[in-house]
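Engineer: Sharing a structure, written as structure tokens. Questions coming.
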Amino acid sequence: MTSQPPNPQIAPHLLIDFDFFGVEAIDGDLHRGWKSLHSGPEIFYTPRNGGHWVFTRAADIETAWLDHDRFSNKGVTMSRDERDMLLFPGEADPPQHGAYRALLQPFFSQKAVHVLEDNMRTLTRRLIDELIERGGCEFQADISRRMPIYIFLTMMELPLADAAALLPAADWLTRDADPESFLRAMHTMMGYLQERIAERRARPGTDFIGRLLTAEVDARRLSEIEVLSLTANVMFGGLDTVVSSMGFFMNFLARHAAHRQQLLHEPDLIPDAVEELLRRHGISNFGRMVARDIEFQGLPLRAGDLVLLPAALYNLDERKFTDPMTVDFRRPIKHHMAFGTGIHRCLGAQLARLELRVLLQEWLPRIPDFWIEDPAAVVVKSGRINGVRSLPLRWKH
């Protein structure tokens with residue numbers, strides 16, 4: 001395990017005991033907890049989780065996303081621990097990044113995503129219809145942890161039964177501060193993928209893994225490690241981020257009847273609602289590694305320092321968005337940081353948007369009025385990905 005660097009030489013008020021795995025919700029709203037950081041320094045350093053900087057304002061967060069010369073994606077997971085394999089293209093910088101991303105792009109094109117929509121709707125309707133007569137559900141267990149991973153496995157042409165083994169590892173990976181949990185999750189997922197890759201190598205096909213096994217980069221075939229890395233990067237994105245967004249969307253709508261009614265009366269607003277709910281409930285807390293000693297906003301950032309770039313703090317910055325805590329489905333400015341920006345913008349953004357749109361379009365006509373009976377039973381958790389652990393919903397049936 002890499003040793004923790006000493007704290008930088010900075011003013012005492014810029015050294016803050018902050019744990020991004022332990023952000024506390026305010027009135028049940030995790031993002032209000034994140035927003036409270038805007039009352040402090042625009043940039044600060046915390047000794048927690050191995051020591052790292054935190055950028056709290058939209059302008060600085062966007063700069064770090066776009067400036068891969070000073071801020072390397074090698075720090076995207078907010079870990080300094082050396083691993084045998086990096087995840088491509090997520091942990092790669094140019095020019096390597098572009099070559100790997102180009103291999104994956106066809107799988108996430110508008111045409112490729114559109115092909116999945118009919119199956120997506122059929123699956124979503126079935127999951128919801130199974131619940132209606134029960135008058136309630138634990139939404140995360142019954143819908144949000146099932147729907148996205150089933151869709152992902154379908155896209156990859158992998159067995160749907162594999163979802164049960166993968167979801168616990170996804171939770172360790174994103175919301176557990178323990179480095180051992182992170183490595184255990186990586187080991188579990190890599191073991192699973194290595195088995196699937198070996199199966200495809202023995203029985204070649206034209207599915208996602210099969211096509212990667214015959215793909216080339218820099219005029220050569222991908223190595224076994226590269227195929228594993230690319231597949232793992234895609235899988236990690238499909239396992240948890242949409243699960244989290246679904247939970248935050250439904251948590252909000254269960255508490256705000258007027259917003260539900262607006263979408264019921266104006267279903268054409270649902271695509272705009274998806275964008276606004278993504279903005280209001282930022283999910284990712286990715287990082288960057290400082291590539292060399294630099295001065296940034298008057299502060300001494302050292303080569304190897306990690307920088308946390310919370311999407312929530314970009315999306316809730318009043319310098320970027322007027323009245324940012326208010327959910328307005330007709331908000332004119334729709335650019336947000338839910339999927340990042342620049343060359344590292346999430347490859348699966350179109351797929352994620354479609355999944356979230358389909359959820360609202362299929363749920364609201366079937367279960368238009370739903371609520372949370374016991375707000376204390378709702379469990380939210382920050383981490384590399386902000387998420388909803390438990391969301392018990394009720395409705396009349």
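Naming works like this for the structure tokens: A, B, ... for the chains as they're shown, residue 1 at the start of each chain, ligands 1 onward in shown order.
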If we count only C-alpha atoms and set the cut-off at 6 Å, which residues sit around Pro89 in chain A, ignoring sequence neighbours fewer than 6 positions away in its own chain? Please answer as a list in words.

Structural biologist: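 The filter keeps His97, Tyr100 and Arg101 of chain A.
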
Engineer: Could you save those same residues with all heavy atoms as a PDB file, in the first residue's frame?

Structural biologist:
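Written file, selection.pdb:
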ATOM      1  N   HIS A  97      -5.660   7.318 -24.334  1.00  0.00           N
ATOM      2  CA  HIS A  97      -7.084   7.332 -24.033  1.00  0.00           C
ATOM      3  C   HIS A  97      -7.936   7.264 -25.297  1.00  0.00           C
ATOM      4  O   HIS A  97      -8.906   6.498 -25.381  1.00  0.00           O
ATOM      5  CB  HIS A  97      -7.423   8.593 -23.232  1.00  0.00           C
ATOM      6  CG  HIS A  97      -8.891   8.862 -23.128  1.00  0.00           C
ATOM      7  ND1 HIS A  97      -9.579   9.629 -24.056  1.00  0.00           N
ATOM      8  CD2 HIS A  97      -9.808   8.476 -22.222  1.00  0.00           C
ATOM      9  CE1 HIS A  97     -10.849   9.690 -23.723  1.00  0.00           C
ATOM     10  NE2 HIS A  97     -11.019   9.004 -22.610  1.00  0.00           N
ATOM     11  N   TYR A 100      -8.260   3.765 -27.064  1.00  0.00           N
ATOM     12  CA  TYR A 100      -9.111   2.811 -26.348  1.00  0.00           C
ATOM     13  C   TYR A 100     -10.583   3.217 -26.414  1.00  0.00           C
ATOM     14  O   TYR A 100     -11.474   2.376 -26.595  1.00  0.00           O
ATOM     15  CB  TYR A 100      -8.675   2.704 -24.887  1.00  0.00           C
ATOM     16  CG  TYR A 100      -7.375   1.957 -24.683  1.00  0.00           C
ATOM     17  CD1 TYR A 100      -6.336   2.518 -23.959  1.00  0.00           C
ATOM     18  CD2 TYR A 100      -7.203   0.683 -25.215  1.00  0.00           C
ATOM     19  CE1 TYR A 100      -5.143   1.831 -23.759  1.00  0.00           C
ATOM     20  CE2 TYR A 100      -6.011  -0.012 -25.031  1.00  0.00           C
ATOM     21  CZ  TYR A 100      -4.984   0.565 -24.298  1.00  0.00           C
ATOM     22  OH  TYR A 100      -3.807  -0.115 -24.112  1.00  0.00           O
ATOM     23  N   ARG A 101     -10.852   4.510 -26.258  1.00  0.00           N
ATOM     24  CA  ARG A 101     -12.238   4.966 -26.292  1.00  0.00           C
ATOM     25  C   ARG A 101     -12.881   4.677 -27.646  1.00  0.00           C
ATOM     26  O   ARG A 101     -14.065   4.315 -27.718  1.00  0.00           O
ATOM     27  CB  ARG A 101     -12.300   6.462 -25.966  1.00  0.00           C
ATOM     28  CG  ARG A 101     -13.720   6.995 -25.808  1.00  0.00           C
ATOM     29  CD  ARG A 101     -13.716   8.471 -25.463  1.00  0.00           C
ATOM     30  NE  ARG A 101     -15.065   9.017 -25.406  1.00  0.00           N
ATOM     31  CZ  ARG A 101     -15.776   9.199 -24.301  1.00  0.00           C
ATOM     32  NH1 ARG A 101     -15.256   8.856 -23.128  1.00  0.00           N
ATOM     33  NH2 ARG A 101     -16.986   9.710 -24.348  1.00  0.00           N
TER      34      ARG A 101
END

Engineer: If you count only C-alpha atoms, which residues fall within 10 Å of Pro168 in chain A, apart from same-chain ones fewer than 6 positions away, as a PDB file with N, CA and C atoms, in the first residue's frame?

Structural biologist:
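Final file, part12.pdb:
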ATOM      1  N   ALA A 185     -13.294  -5.995  -4.025  1.00  0.00           N
ATOM      2  CA  ALA A 185     -14.281  -5.817  -5.088  1.00  0.00           C
ATOM      3  C   ALA A 185     -13.636  -5.971  -6.459  1.00  0.00           C
ATOM      4  N   THR A 188     -13.020  -9.660  -7.118  1.00  0.00           N
ATOM      5  CA  THR A 188     -14.248 -10.390  -7.431  1.00  0.00           C
ATOM      6  C   THR A 188     -14.683 -10.145  -8.867  1.00  0.00           C
ATOM      7  N   LEU A 239     -22.825  -1.030 -13.477  1.00  0.00           N
ATOM      8  CA  LEU A 239     -23.295  -1.693 -12.266  1.00  0.00           C
ATOM      9  C   LEU A 239     -23.868  -0.750 -11.227  1.00  0.00           C
TER      10      LEU A 239
END

Engineer: Write out as a list in words the set of residues from range 103-271 of chain A that DSSP, computed on the backbone, places in strand (DSSP E).

Structural biologist: Gly136, Cys137, Glu138, Glu216, Val217, Arg220 and Arg221 of chain A

Engineer: Restricting the calculation to only C-alpha atoms: of A:Gly247, A:Glu373, A:Leu212, A:Phe139, which residue gets closest to Ser229 in chain A?

Structural biologist: A:Leu212

Engineer: Which of these residues is nearest to Pro332 in chain A, using only C-alpha atoms: A:Glu295, A:Glu224, A:Glu276, A:Glu362?

Structural biologist: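 The answer is A:Glu276, which sits nearest to Pro332 in chain A.
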